[in-house]
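Each remark here refers to the structure printed beneath this line.
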Amino acid sequence: MASSIVTLRTTGTQLACPKSENCLLDVLELHDVEVEYQCRSGYCGACRLKLVKGEVTYRQQPLAFINQGEILPCCCMPLTDIELEI
């Protein structure tokens with residue numbers, strides 16, 4: 001699979017998420033989806049999102065604690081098509 005589909009639950013918008021991208025946050029920014037984040041300013045955890053469906057993998061271990069059903073898009077990529085509560 002060359003890319004996964006990311007569905008935004010609130011609008012039903014579907015975005016292509018190419019496996020070649022660095023992280024899910026980059027993909028969301030590429031599609032002009034506003035996500036709060038501060039990781040590039042040294043604070044981890046601000047970008048956490050609720051994962052409704054699907055699976056992600058972390059390319060690096062998250063620095064922030066995340067609860068069951070949450071993801072940090074700054075350091076993960078979809079393994080499957082996913083749906084986000086956004």
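Letters for chains follow the order of the structure tokens (A, B, ...), residue numbers begin at 1 for each chain, and ligand numbers begin at 1 in the order shown.
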Name all residues at most 6 Å from Thr80 (chain A) (count only C-alpha atoms; drop same-chain ones fewer than 2 positions away) and give them as a ChimeraX atom specification.
-> /A:4,54-55,78
Using N, CA and C atoms, can you export the residues from the last selection as a short mmCIF file (atom, residue, chain, number, x, y, z; two decimals), in the first residue's frame?
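The resulting out_17.cif:
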data_model
loop_
_atom_site.label_atom_id
_atom_site.label_comp_id
_atom_site.auth_asym_id
_atom_site.auth_seq_id
_atom_site.Cartn_x
_atom_site.Cartn_y
_atom_site.Cartn_z
N SER A 4 -2.06 5.53 3.08
CA SER A 4 -3.24 5.24 3.90
C SER A 4 -4.21 6.40 3.72
N GLY A 54 -8.57 2.30 13.27
CA GLY A 54 -7.30 2.03 12.61
C GLY A 54 -6.15 1.89 13.57
N GLU A 55 -4.96 1.75 12.99
CA GLU A 55 -3.74 1.55 13.77
C GLU A 55 -2.63 2.46 13.27
N PRO A 78 0.21 6.14 10.06
CA PRO A 78 -0.80 5.09 9.99
C PRO A 78 -0.23 3.77 9.46
#
Fewer than 3 positions away in the same chain doesn't count, so skip those; otherwise give me all residues within 9 Å of region 11-22 of chain A, counting only C-alpha atoms, as a list in words.
-> Met1, Ala2, Ser3, Ser4, Ile5, Val6, Thr7, Leu8, Leu25, Asp26, Val27, Leu28, His31, Arg59, Cys74, Cys75, Cys76, Met77, Pro78, Asp81, Glu83 and Ile86 of chain A
All strand (DSSP E) residues (DSSP, backbone) inside chain A, as a PyMOL selection string | chain A and resi 3-8+14-18+49-53+56-58+70-71+76-78+82-84
Nearest-residue call for Pro62 (chain A), choices A:Val33, A:Leu84, A:Cys44, A:Leu24, using only C-alpha atoms |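 Under the stated criterion, the closest residue is A:Cys44.
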Taking only C-alpha atoms into account, which of A:Glu36, A:Leu72, A:Val52, A:Leu30 comes nearest Thr10 (chain A)?
->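 So, comparing all the options, the nearest one is A:Val52.
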